[in-house]
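Student: Okay, so here is entry10.pdb, and as you'll see once you scroll down, it has PDB, C-alpha atoms.
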```
ATOM      1  CA  MET A   1       0.000   0.000   0.000  1.00  0.00           C
ATOM      2  CA  PHE A   2       1.447   3.371  -1.067  1.00  0.00           C
ATOM      3  CA  LYS A   3       1.231   6.199   1.486  1.00  0.00           C
ATOM      4  CA  HIS A   4       0.440   9.294  -0.555  1.00  0.00           C
ATOM      5  CA  LYS A   5       1.151  12.485   1.397  1.00  0.00           C
ATOM      6  CA  HIS A   6       0.555  15.991   0.082  1.00  0.00           C
ATOM      7  CA  PRO A   7       4.002  17.492  -0.643  1.00  0.00           C
ATOM      8  CA  TYR A   8       3.025  21.170  -0.203  1.00  0.00           C
ATOM      9  CA  ALA A   9       1.805  23.150   2.771  1.00  0.00           C
ATOM     10  CA  PRO A  10      -1.170  25.491   2.216  1.00  0.00           C
ATOM     11  CA  ILE A  11      -0.241  28.840   0.669  1.00  0.00           C
ATOM     12  CA  ILE A  12      -2.298  31.613   2.283  1.00  0.00           C
ATOM     13  CA  GLN A  13      -1.416  35.265   2.899  1.00  0.00           C
ATOM     14  CA  PRO A  14      -3.156  37.613   5.395  1.00  0.00           C
ATOM     15  CA  ASP A  15      -4.826  39.433   2.477  1.00  0.00           C
ATOM     16  CA  THR A  16      -5.847  36.288   0.551  1.00  0.00           C
ATOM     17  CA  THR A  17      -9.419  36.568  -0.750  1.00  0.00           C
ATOM     18  CA  LYS A  18      -9.754  33.469  -2.955  1.00  0.00           C
ATOM     19  CA  LEU A  19      -8.710  29.931  -2.078  1.00  0.00           C
ATOM     20  CA  ILE A  20      -8.084  27.188  -4.641  1.00  0.00           C
ATOM     21  CA  VAL A  21      -9.100  23.800  -3.196  1.00  0.00           C
ATOM     22  CA  GLY A  22      -8.294  20.529  -4.960  1.00  0.00           C
ATOM     23  CA  THR A  23      -7.372  17.081  -3.663  1.00  0.00           C
ATOM     24  CA  LEU A  24      -3.611  16.466  -3.976  1.00  0.00           C
ATOM     25  CA  PRO A  25      -0.911  16.263  -6.689  1.00  0.00           C
ATOM     26  CA  PRO A  26       0.058  13.027  -8.475  1.00  0.00           C
ATOM     27  CA  PRO A  27       2.260  10.655  -6.436  1.00  0.00           C
ATOM     28  CA  ARG A  28       5.409  11.568  -8.382  1.00  0.00           C
ATOM     29  CA  PHE A  29       5.366  14.967  -6.658  1.00  0.00           C
ATOM     30  CA  SER A  30       5.472  13.273  -3.246  1.00  0.00           C
ATOM     31  CA  ILE A  31       8.408  11.025  -4.145  1.00  0.00           C
ATOM     32  CA  GLY A  32      10.386  13.606  -6.139  1.00  0.00           C
ATOM     33  CA  GLU A  33      10.205  11.963  -9.570  1.00  0.00           C
ATOM     34  CA  LEU A  34       9.052  14.938 -11.635  1.00  0.00           C
ATOM     35  CA  LEU A  35       8.748  14.958 -15.395  1.00  0.00           C
ATOM     36  CA  LYS A  36      10.774  17.382 -17.489  1.00  0.00           C
ATOM     37  CA  LYS A  37       7.928  19.919 -17.845  1.00  0.00           C
ATOM     38  CA  ASP A  38       6.579  19.550 -14.290  1.00  0.00           C
ATOM     39  CA  VAL A  39       6.983  22.441 -11.858  1.00  0.00           C
ATOM     40  CA  ASN A  40       7.690  21.542  -8.225  1.00  0.00           C
ATOM     41  CA  PHE A  41       4.741  23.563  -6.988  1.00  0.00           C
ATOM     42  CA  CYS A  42       0.987  23.383  -6.463  1.00  0.00           C
ATOM     43  CA  TYR A  43      -0.743  22.228  -9.671  1.00  0.00           C
ATOM     44  CA  GLY A  44       2.677  21.848 -11.227  1.00  0.00           C
ATOM     45  CA  SER A  45       1.839  18.734 -13.246  1.00  0.00           C
ATOM     46  CA  TYR A  46       2.107  19.538 -16.934  1.00  0.00           C
ATOM     47  CA  TYR A  47      -0.943  17.314 -17.471  1.00  0.00           C
ATOM     48  CA  ASN A  48      -2.994  19.464 -15.100  1.00  0.00           C
ATOM     49  CA  SER A  49      -3.789  22.564 -17.107  1.00  0.00           C
ATOM     50  CA  LEU A  50      -4.618  25.058 -14.343  1.00  0.00           C
ATOM     51  CA  TRP A  51      -1.455  27.099 -14.876  1.00  0.00           C
ATOM     52  CA  LEU A  52      -1.915  26.868 -18.649  1.00  0.00           C
ATOM     53  CA  PHE A  53      -5.363  28.438 -18.238  1.00  0.00           C
ATOM     54  CA  LEU A  54      -4.042  31.178 -15.952  1.00  0.00           C
ATOM     55  CA  ASP A  55      -1.136  31.753 -18.316  1.00  0.00           C
ATOM     56  CA  LYS A  56      -3.563  32.256 -21.189  1.00  0.00           C
ATOM     57  CA  ILE A  57      -5.953  34.487 -19.201  1.00  0.00           C
ATOM     58  CA  HIS A  58      -3.250  36.789 -17.815  1.00  0.00           C
ATOM     59  CA  ASP A  59      -0.620  36.463 -20.557  1.00  0.00           C
ATOM     60  CA  LEU A  60       1.991  35.391 -17.988  1.00  0.00           C
ATOM     61  CA  ASN A  61       4.503  33.669 -20.290  1.00  0.00           C
ATOM     62  CA  LEU A  62       5.279  31.140 -17.556  1.00  0.00           C
ATOM     63  CA  ARG A  63       8.114  28.630 -17.545  1.00  0.00           C
ATOM     64  CA  TYR A  64       7.233  24.914 -17.504  1.00  0.00           C
ATOM     65  CA  ASP A  65      10.243  23.105 -16.064  1.00  0.00           C
ATOM     66  CA  ASN A  66      11.849  22.066 -12.771  1.00  0.00           C
ATOM     67  CA  SER A  67      13.546  25.423 -12.174  1.00  0.00           C
ATOM     68  CA  ASN A  68      13.235  27.668  -9.122  1.00  0.00           C
ATOM     69  CA  GLU A  69      12.312  30.482 -11.497  1.00  0.00           C
ATOM     70  CA  ALA A  70       9.164  28.616 -12.524  1.00  0.00           C
ATOM     71  CA  ILE A  71       8.169  28.266  -8.854  1.00  0.00           C
ATOM     72  CA  THR A  72       8.825  31.952  -8.157  1.00  0.00           C
ATOM     73  CA  GLU A  73       6.690  33.039 -11.113  1.00  0.00           C
ATOM     74  CA  ARG A  74       3.703  31.128  -9.757  1.00  0.00           C
ATOM     75  CA  LYS A  75       4.184  32.321  -6.187  1.00  0.00           C
ATOM     76  CA  GLN A  76       4.307  35.927  -7.329  1.00  0.00           C
ATOM     77  CA  PHE A  77       1.118  35.532  -9.333  1.00  0.00           C
ATOM     78  CA  LEU A  78      -0.756  34.122  -6.327  1.00  0.00           C
ATOM     79  CA  ILE A  79       0.478  36.888  -4.023  1.00  0.00           C
ATOM     80  CA  GLU A  80      -0.296  39.704  -6.487  1.00  0.00           C
ATOM     81  CA  HIS A  81      -3.833  38.405  -7.094  1.00  0.00           C
ATOM     82  CA  LYS A  82      -4.557  37.540  -3.443  1.00  0.00           C
ATOM     83  CA  ILE A  83      -5.117  33.879  -4.297  1.00  0.00           C
ATOM     84  CA  GLY A  84      -4.238  31.020  -1.950  1.00  0.00           C
ATOM     85  CA  VAL A  85      -4.042  27.244  -2.339  1.00  0.00           C
ATOM     86  CA  CYS A  86      -5.196  24.766   0.292  1.00  0.00           C
ATOM     87  CA  ASP A  87      -5.946  21.334  -1.122  1.00  0.00           C
ATOM     88  CA  ILE A  88      -8.284  19.409   1.138  1.00  0.00           C
ATOM     89  CA  VAL A  89      -6.510  16.025   1.247  1.00  0.00           C
ATOM     90  CA  GLU A  90      -3.529  15.816   3.591  1.00  0.00           C
ATOM     91  CA  SER A  91      -2.787  12.154   2.897  1.00  0.00           C
ATOM     92  CA  CYS A  92      -4.259   8.894   1.667  1.00  0.00           C
ATOM     93  CA  GLU A  93      -3.298   5.336   0.823  1.00  0.00           C
ATOM     94  CA  ARG A  94      -3.306   3.772  -2.629  1.00  0.00           C
ATOM     95  CA  LYS A  95      -3.088   0.210  -3.898  1.00  0.00           C
ATOM     96  CA  LYS A  96      -2.075   1.524  -7.313  1.00  0.00           C
ATOM     97  CA  ILE A  97       0.364   4.413  -7.584  1.00  0.00           C
ATOM     98  CA  ASP A  98      -1.590   6.812  -9.781  1.00  0.00           C
ATOM     99  CA  ALA A  99      -3.449  10.127  -9.495  1.00  0.00           C
ATOM    100  CA  SER A 100      -6.996   8.746  -9.532  1.00  0.00           C
ATOM    101  CA  ASP A 101      -9.281  10.370  -6.953  1.00  0.00           C
ATOM    102  CA  LEU A 102     -11.314   7.150  -6.761  1.00  0.00           C
ATOM    103  CA  GLY A 103      -8.156   5.214  -5.875  1.00  0.00           C
ATOM    104  CA  MET A 104      -7.703   7.069  -2.562  1.00  0.00           C
ATOM    105  CA  LYS A 105      -8.306   5.092   0.642  1.00  0.00           C
ATOM    106  CA  ASN A 106      -7.941   5.894   4.360  1.00  0.00           C
ATOM    107  CA  ILE A 107      -8.128   9.595   3.548  1.00  0.00           C
ATOM    108  CA  LYS A 108      -7.062  12.267   6.014  1.00  0.00           C
ATOM    109  CA  LEU A 109      -8.526  15.705   5.328  1.00  0.00           C
ATOM    110  CA  ARG A 110      -7.058  19.111   6.097  1.00  0.00           C
ATOM    111  CA  ASP A 111      -8.940  21.491   8.360  1.00  0.00           C
ATOM    112  CA  VAL A 112      -9.889  23.956   5.633  1.00  0.00           C
ATOM    113  CA  VAL A 113     -12.576  25.587   7.793  1.00  0.00           C
ATOM    114  CA  GLY A 114      -9.893  26.174  10.418  1.00  0.00           C
ATOM    115  CA  TYR A 115      -7.830  28.074   7.826  1.00  0.00           C
ATOM    116  CA  LEU A 116     -10.902  30.102   6.846  1.00  0.00           C
ATOM    117  CA  LYS A 117     -11.316  31.166  10.462  1.00  0.00           C
ATOM    118  CA  ARG A 118      -7.645  32.152  10.724  1.00  0.00           C
ATOM    119  CA  PHE A 119      -7.739  34.189   7.497  1.00  0.00           C
ATOM    120  CA  PRO A 120     -10.914  36.320   7.581  1.00  0.00           C
ATOM    121  CA  ASN A 121     -10.369  38.019   4.205  1.00  0.00           C
ATOM    122  CA  ILE A 122     -11.101  34.799   2.290  1.00  0.00           C
ATOM    123  CA  ASP A 123     -14.573  35.089   0.766  1.00  0.00           C
ATOM    124  CA  THR A 124     -14.412  32.615  -2.143  1.00  0.00           C
ATOM    125  CA  ILE A 125     -13.382  28.972  -2.525  1.00  0.00           C
ATOM    126  CA  LEU A 126     -12.569  27.733  -6.025  1.00  0.00           C
ATOM    127  CA  PHE A 127     -12.913  23.944  -6.266  1.00  0.00           C
ATOM    128  CA  THR A 128     -10.922  22.351  -9.082  1.00  0.00           C
ATOM    129  CA  GLY A 129     -13.673  19.805  -9.608  1.00  0.00           C
ATOM    130  CA  GLY A 130     -17.263  19.093  -8.656  1.00  0.00           C
ATOM    131  CA  ASN A 131     -19.155  16.838  -6.278  1.00  0.00           C
ATOM    132  CA  SER A 132     -18.212  13.509  -7.834  1.00  0.00           C
ATOM    133  CA  LYS A 133     -16.946  10.902  -5.362  1.00  0.00           C
ATOM    134  CA  ASN A 134     -13.572  11.833  -3.840  1.00  0.00           C
ATOM    135  CA  GLY A 135     -13.551  15.190  -5.604  1.00  0.00           C
ATOM    136  CA  PRO A 136     -12.717  18.418  -3.711  1.00  0.00           C
ATOM    137  CA  GLU A 137     -16.329  19.551  -3.286  1.00  0.00           C
ATOM    138  CA  TYR A 138     -17.322  16.036  -2.205  1.00  0.00           C
ATOM    139  CA  PHE A 139     -14.705  16.046   0.566  1.00  0.00           C
ATOM    140  CA  PHE A 140     -15.483  19.623   1.541  1.00  0.00           C
ATOM    141  CA  ARG A 141     -19.143  18.761   2.085  1.00  0.00           C
ATOM    142  CA  ARG A 142     -18.038  15.957   4.392  1.00  0.00           C
ATOM    143  CA  HIS A 143     -15.645  18.332   6.145  1.00  0.00           C
ATOM    144  CA  LEU A 144     -18.397  20.914   6.736  1.00  0.00           C
ATOM    145  CA  LYS A 145     -20.478  18.324   8.602  1.00  0.00           C
ATOM    146  CA  GLU A 146     -17.765  18.235  11.275  1.00  0.00           C
ATOM    147  CA  TYR A 147     -18.664  21.879  11.957  1.00  0.00           C
ATOM    148  CA  SER A 148     -22.439  21.347  11.547  1.00  0.00           C
ATOM    149  CA  LEU A 149     -22.315  23.475   8.391  1.00  0.00           C
ATOM    150  CA  LYS A 150     -23.639  22.825   4.894  1.00  0.00           C
ATOM    151  CA  LEU A 151     -23.575  24.309   1.405  1.00  0.00           C
ATOM    152  CA  GLU A 152     -26.568  26.296   0.138  1.00  0.00           C
ATOM    153  CA  LEU A 153     -27.163  26.195  -3.621  1.00  0.00           C
ATOM    154  CA  ILE A 154     -27.006  29.591  -5.349  1.00  0.00           C
ATOM    155  CA  HIS A 155     -26.533  28.705  -9.023  1.00  0.00           C
ATOM    156  CA  ASN A 156     -27.171  25.231 -10.470  1.00  0.00           C
ATOM    157  CA  GLU A 157     -25.532  25.636 -13.883  1.00  0.00           C
ATOM    158  CA  VAL A 158     -21.915  24.627 -14.470  1.00  0.00           C
ATOM    159  CA  PRO A 159     -19.874  25.969 -12.736  1.00  0.00           C
ATOM    160  CA  ARG A 160     -22.209  25.433  -9.772  1.00  0.00           C
ATOM    161  CA  ILE A 161     -22.097  28.051  -7.044  1.00  0.00           C
ATOM    162  CA  HIS A 162     -22.922  27.542  -3.370  1.00  0.00           C
ATOM    163  CA  GLN A 163     -22.406  29.459  -0.179  1.00  0.00           C
ATOM    164  CA  PHE A 164     -22.127  28.708   3.520  1.00  0.00           C
ATOM    165  CA  LYS A 165     -21.905  30.777   6.664  1.00  0.00           C
ATOM    166  CA  ILE A 166     -19.453  30.592   9.538  1.00  0.00           C
ATOM    167  CA  PRO A 167     -19.548  32.539  12.815  1.00  0.00           C
ATOM    168  CA  VAL A 168     -17.466  35.702  12.899  1.00  0.00           C
ATOM    169  CA  MET A 169     -14.753  35.485  15.546  1.00  0.00           C
ATOM    170  CA  SER A 170     -13.359  38.411  17.498  1.00  0.00           C
ATOM    171  CA  ASN A 171     -11.088  39.090  20.460  1.00  0.00           C
ATOM    172  CA  LYS A 172     -12.978  40.143  23.572  1.00  0.00           C
ATOM    173  CA  SER A 173     -11.239  41.427  26.660  1.00  0.00           C
ATOM    174  CA  GLU A 174     -12.736  40.105  29.911  1.00  0.00           C
ATOM    175  CA  THR A 175     -11.662  40.604  33.545  1.00  0.00           C
ATOM    176  CA  SER A 176     -11.332  37.681  35.935  1.00  0.00           C
ATOM    177  CA  HIS A 177     -13.325  38.098  39.188  1.00  0.00           C
ATOM    178  CA  GLU A 178     -10.663  36.209  41.160  1.00  0.00           C
ATOM    179  CA  ASP A 179      -7.435  38.075  40.447  1.00  0.00           C
ATOM    180  CA  GLY A 180      -8.538  41.150  38.494  1.00  0.00           C
ATOM    181  CA  ILE A 181      -6.250  40.227  35.567  1.00  0.00           C
ATOM    182  CA  SER A 182      -7.555  41.196  32.130  1.00  0.00           C
ATOM    183  CA  GLN A 183      -7.368  38.360  29.634  1.00  0.00           C
ATOM    184  CA  SER A 184      -7.972  38.354  25.857  1.00  0.00           C
ATOM    185  CA  LEU A 185     -10.481  35.646  25.024  1.00  0.00           C
ATOM    186  CA  LEU A 186     -11.682  34.412  21.625  1.00  0.00           C
ATOM    187  CA  SER A 187     -15.430  34.820  21.287  1.00  0.00           C
ATOM    188  CA  PHE A 188     -18.135  34.569  18.650  1.00  0.00           C
ATOM    189  CA  ARG A 189     -20.341  37.383  17.461  1.00  0.00           C
ATOM    190  CA  ASN A 190     -23.916  36.766  16.411  1.00  0.00           C
ATOM    191  CA  ASP A 191     -23.323  37.808  12.775  1.00  0.00           C
ATOM    192  CA  LYS A 192     -22.167  35.352  10.137  1.00  0.00           C
ATOM    193  CA  ARG A 193     -19.496  35.493   7.464  1.00  0.00           C
ATOM    194  CA  ILE A 194     -20.667  34.327   4.039  1.00  0.00           C
ATOM    195  CA  ILE A 195     -18.232  32.348   1.893  1.00  0.00           C
ATOM    196  CA  LYS A 196     -18.991  31.520  -1.740  1.00  0.00           C
ATOM    197  CA  THR A 197     -17.844  28.286  -3.378  1.00  0.00           C
ATOM    198  CA  VAL A 198     -17.438  27.775  -7.118  1.00  0.00           C
ATOM    199  CA  SER A 199     -17.113  24.238  -8.517  1.00  0.00           C
ATOM    200  CA  LEU A 200     -15.007  24.743 -11.624  1.00  0.00           C
ATOM    201  CA  THR A 201     -14.672  22.074 -14.273  1.00  0.00           C
ATOM    202  CA  SER A 202     -11.605  20.017 -13.396  1.00  0.00           C
ATOM    203  CA  SER A 203      -8.362  21.207 -14.962  1.00  0.00           C
ATOM    204  CA  SER A 204      -7.229  17.620 -15.601  1.00  0.00           C
ATOM    205  CA  GLY A 205      -7.503  16.032 -19.032  1.00  0.00           C
ATOM    206  CA  ALA A 206      -9.925  13.424 -17.670  1.00  0.00           C
ATOM    207  CA  ALA A 207     -12.674  16.065 -17.631  1.00  0.00           C
ATOM    208  CA  ASN A 208     -12.636  16.582 -21.401  1.00  0.00           C
ATOM    209  CA  ILE A 209     -15.315  13.954 -22.016  1.00  0.00           C
ATOM    210  CA  SER A 210     -17.733  15.518 -19.528  1.00  0.00           C
ATOM    211  CA  ILE A 211     -17.130  18.964 -21.057  1.00  0.00           C
ATOM    212  CA  SER A 212     -17.952  17.700 -24.537  1.00  0.00           C
ATOM    213  CA  ARG A 213     -21.383  16.637 -23.271  1.00  0.00           C
ATOM    214  CA  LEU A 214     -22.342  20.050 -21.879  1.00  0.00           C
ATOM    215  CA  PRO A 215     -25.068  21.861 -23.879  1.00  0.00           C
ATOM    216  CA  LEU A 216     -23.155  25.155 -23.717  1.00  0.00           C
ATOM    217  CA  TYR A 217     -20.002  23.545 -25.087  1.00  0.00           C
ATOM    218  CA  LYS A 218     -21.957  21.923 -27.930  1.00  0.00           C
ATOM    219  CA  GLN A 219     -23.549  25.274 -28.749  1.00  0.00           C
ATOM    220  CA  LEU A 220     -20.205  27.114 -28.837  1.00  0.00           C
ATOM    221  CA  LYS A 221     -18.577  24.309 -30.820  1.00  0.00           C
ATOM    222  CA  ALA A 222     -21.356  24.476 -33.408  1.00  0.00           C
ATOM    223  CA  LYS A 223     -20.749  28.210 -33.863  1.00  0.00           C
ATOM    224  CA  ASN A 224     -16.971  27.784 -34.057  1.00  0.00           C
ATOM    225  CA  PRO A 225     -15.621  24.321 -35.025  1.00  0.00           C
ATOM    226  CA  LYS A 226     -12.162  25.343 -33.770  1.00  0.00           C
ATOM    227  CA  PHE A 227     -13.496  25.900 -30.241  1.00  0.00           C
ATOM    228  CA  ASN A 228     -12.175  23.142 -27.940  1.00  0.00           C
ATOM    229  CA  THR A 229     -12.251  21.980 -24.309  1.00  0.00           C
ATOM    230  CA  PHE A 230      -9.211  24.115 -23.458  1.00  0.00           C
ATOM    231  CA  ASP A 231     -10.986  27.227 -24.758  1.00  0.00           C
ATOM    232  CA  PHE A 232     -14.085  26.286 -22.779  1.00  0.00           C
ATOM    233  CA  ARG A 233     -12.210  26.121 -19.482  1.00  0.00           C
ATOM    234  CA  VAL A 234     -10.298  29.326 -20.181  1.00  0.00           C
ATOM    235  CA  MET A 235     -13.664  31.004 -20.744  1.00  0.00           C
ATOM    236  CA  GLN A 236     -15.030  29.541 -17.508  1.00  0.00           C
ATOM    237  CA  TYR A 237     -11.963  30.229 -15.360  1.00  0.00           C
ATOM    238  CA  ARG A 238     -11.568  33.786 -16.638  1.00  0.00           C
ATOM    239  CA  GLU A 239     -14.676  34.895 -14.728  1.00  0.00           C
ATOM    240  CA  PHE A 240     -13.243  33.784 -11.378  1.00  0.00           C
ATOM    241  CA  PHE A 241      -9.510  34.423 -11.834  1.00  0.00           C
TER     242      PHE A 241
END
```
Can you dump the structure from the file as structure tokens?
Tutor:
Amino acid sequence: MFKHKHPYAPIIQPDTTKLIVGTLPPPRFSIGELLKKDVNFCYGSYYNSLWLFLDKIHDLNLRYDNSNEAITERKQFLIEHKIGVCDIVESCERKKIDASDLGMKNIKLRDVVGYLKRFPNIDTILFTGGNSKNGPEYFFRRHLKEYSLKLELIHNEVPRIHQFKIPVMSNKSETSHEDGISQSLLSFRNDKRIIKTVSLTSSSGAANISISRLPLYKQLKAKNPKFNTFDFRVMQYREFF
């Protein structure tokens, strides 16, 4: 049984407003066997097109190799656009060493809600996949139950949009009756913080078949035969990135 551990810690800045949430990178990133065009960074697999989409949208002219420069380029983009990354799977076990979400067993999830509480400027979660089994939204729904929270549907067309509410935390100074020492205590206010979630079409090549079945894609393809699944995701991602 292969122990598949996420190789990267969450990337979140104090001013982060959007959080990308996936599952975890292919096993080769955990064991250090990268391909020539892989980047040793979040979503660095050359066969995961997230950075290709962002490159196209923002005209970044990114490098696609194992260099430190390629990592720096991506870090700078995230910081400048107040985007963080916190994949929801910390570790799992696999019988077969591949990147299949369905192949994950004995899954340990990250405390994403805990990060949301620590970083109050985050107002949007961008899932790199939908609610299919072992996808990021699927796990996040399970994670929310631990906090007695749930997603509320806002928009049912792809990409589906939900929201949920978490209590707003604040520091409240209280005085002890026994020793008169003032202590700073964490407390909850009655108002709620609303966080939107967007379930983007997966950036992996495996999602191409599902895209080709979407009515909108068929309509756009009929108007322009050169329109393809890459163009469709660039169009979709552009609205949220």
Student: Restrict the calculation to all atoms listed in the file, then for each residue of stretch 57-166 of chain A with any atom at most 10 Å from an atom of stretch 224-240 of chain A give the closest atom pair and their distance in Å to one decimal, rows by chain and rising residue number, as a tab-separated table.
Tutor:
```
residue	atom	partner	partner_atom	distance
A:Ile57	CA	A:Arg238	CA	6.2
A:His58	CA	A:Arg238	CA	8.9
A:Thr124	CA	A:Phe240	CA	9.4
A:Leu126	CA	A:Phe240	CA	8.1
A:Val158	CA	A:Gln236	CA	9.0
A:Pro159	CA	A:Gln236	CA	7.7
```
Student: What's the 9 Å shell around stretch 31-34 of chain A, counting only C-alpha atoms, without same-chain residues fewer than 3 positions away, as a ChimeraX atom specification?
Tutor: /A:4,7,27-28,37-40,45,66
Student: Applying the PyMOL selection byres ((chain A and resi 137-142) around 9) to the file I just gave you, which residues come out? Please list them as a list in words.
Tutor: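 Selected by the PyMOL selection byres ((chain A and resi 137-142) around 9) here: Val21, Gly22, Thr23, Ile88, Val89, Leu109, Val112, Phe127, Thr128, Gly129, Gly130, Asn131, Ser132, Lys133, Asn134, Gly135, Pro136, His143, Leu144, Lys145, Glu146, Leu149, Lys150, Leu151, Thr197 and Ser199 of chain A.
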Student: Identify, on the basis of all atoms listed in the file, every residue whose closest approach to A:Ile107 does not exceed 8 Å; exclude the query and any residue fewer than 4 positions from it along the same chain; express the result as a list in words.
Tutor: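 Final neighbour list, sorted by chain and number: Val89, Glu90, Ser91, Cys92 and Glu93 of chain A.
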Student: Run through the PyMOL selection byres ((chain A and resi 15-18) around 7) on the given coordinates and return the selected residues as a PyMOL selection string.
Tutor: chain A and resi 12-14+19-20+82-84+121-125
Student: Based on the selection just made, write C-alpha atoms of those residues as a short mmCIF file (atom, residue, chain, number, x, y, z; two decimals), keeping the file's coordinate frame.
Tutor:
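part.cif, freshly written:
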```
data_model
loop_
_atom_site.label_atom_id
_atom_site.label_comp_id
_atom_site.auth_asym_id
_atom_site.auth_seq_id
_atom_site.Cartn_x
_atom_site.Cartn_y
_atom_site.Cartn_z
CA ILE A 12 -2.30 31.61 2.28
CA GLN A 13 -1.42 35.26 2.90
CA PRO A 14 -3.16 37.61 5.40
CA LEU A 19 -8.71 29.93 -2.08
CA ILE A 20 -8.08 27.19 -4.64
CA LYS A 82 -4.56 37.54 -3.44
CA ILE A 83 -5.12 33.88 -4.30
CA GLY A 84 -4.24 31.02 -1.95
CA ASN A 121 -10.37 38.02 4.20
CA ILE A 122 -11.10 34.80 2.29
CA ASP A 123 -14.57 35.09 0.77
CA THR A 124 -14.41 32.62 -2.14
CA ILE A 125 -13.38 28.97 -2.52
#
```
Student: Find the smallest box with edges along x, y and z containing every listed atom of stretch 90-106 of chain A, then add 6 Å on each side and report centre and edge lengths in Å to one decimal, as AutoDock Vina command-line options.
Tutor:
```
--center_x -5.5 --center_y 8.0 --center_z -2.7 --size_x 23.7 --size_y 27.6 --size_z 26.1
```
Student: Pick the closest to A:Lys75 from A:Leu54, A:Arg63, A:Ile11, A:Met104: which is it, counting all atoms listed in the file?
Tutor: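 Closest candidate: A:Ile11.
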Student: Between A:Arg94, A:His81, A:Lys108, A:Lys165, which one has atoms that come closest to A:Pro26, using only C-alpha atoms?
Tutor: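 Distance minimum relative to A:Pro26 lands on A:Arg94.
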Student: Please compute the atom CA of A:Lys192-atom CA of A:Phe119 distance, one decimal, in Å.
Tutor: 14.7 Å
Student: Got a sec to resolve the PyMOL selection byres ((chain A and resi 153) around 12) on this structure and send the residues as a list in words?
Tutor: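 The output of the PyMOL selection byres ((chain A and resi 153) around 12) on this file is Lys150, Leu151, Glu152, Ile154, His155, Asn156, Glu157, Pro159, Arg160, Ile161, His162, Gln163, Phe164, Lys196, Thr197, Val198 and Ser199 of chain A.
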Student: Tell me which of A:Leu52, A:Cys42, A:Val113, A:Met1 sits closest to A:Thr72, counting only C-alpha atoms.
Tutor: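 Ranking A:Leu52, A:Cys42, A:Val113, A:Met1 by distance to A:Thr72, first place goes to A:Cys42.
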Student: Could you tell me how far atom CA of A:Ile194 lies from atom CA of A:Ile166, in Å and to one decimal?
Tutor: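 Separating atom CA of A:Ile194 from atom CA of A:Ile166 is a distance of 6.8 Å.
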Student: What gap, in Å, lies between atom CA of A:Leu50 and atom CA of A:Asp65?
Tutor: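 Between these atoms lies a distance of 15.1 Å.
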Student: When you count only C-alpha atoms, which of these residues is closest to A:Cys86: A:Pro167, A:Pro120, A:Pro25, A:Pro10?
Tutor: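 The shortest atom-to-atom distance to A:Cys86 comes from A:Pro10.
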Student: Using all atoms listed in the file, pick whichever of A:Ala206, A:Ile71, A:Ala9, A:Leu220 has the shortest atom-to-atom distance to A:Tyr47.
Tutor: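 Ranked by minimum distance to A:Tyr47, first place goes to A:Ala206.
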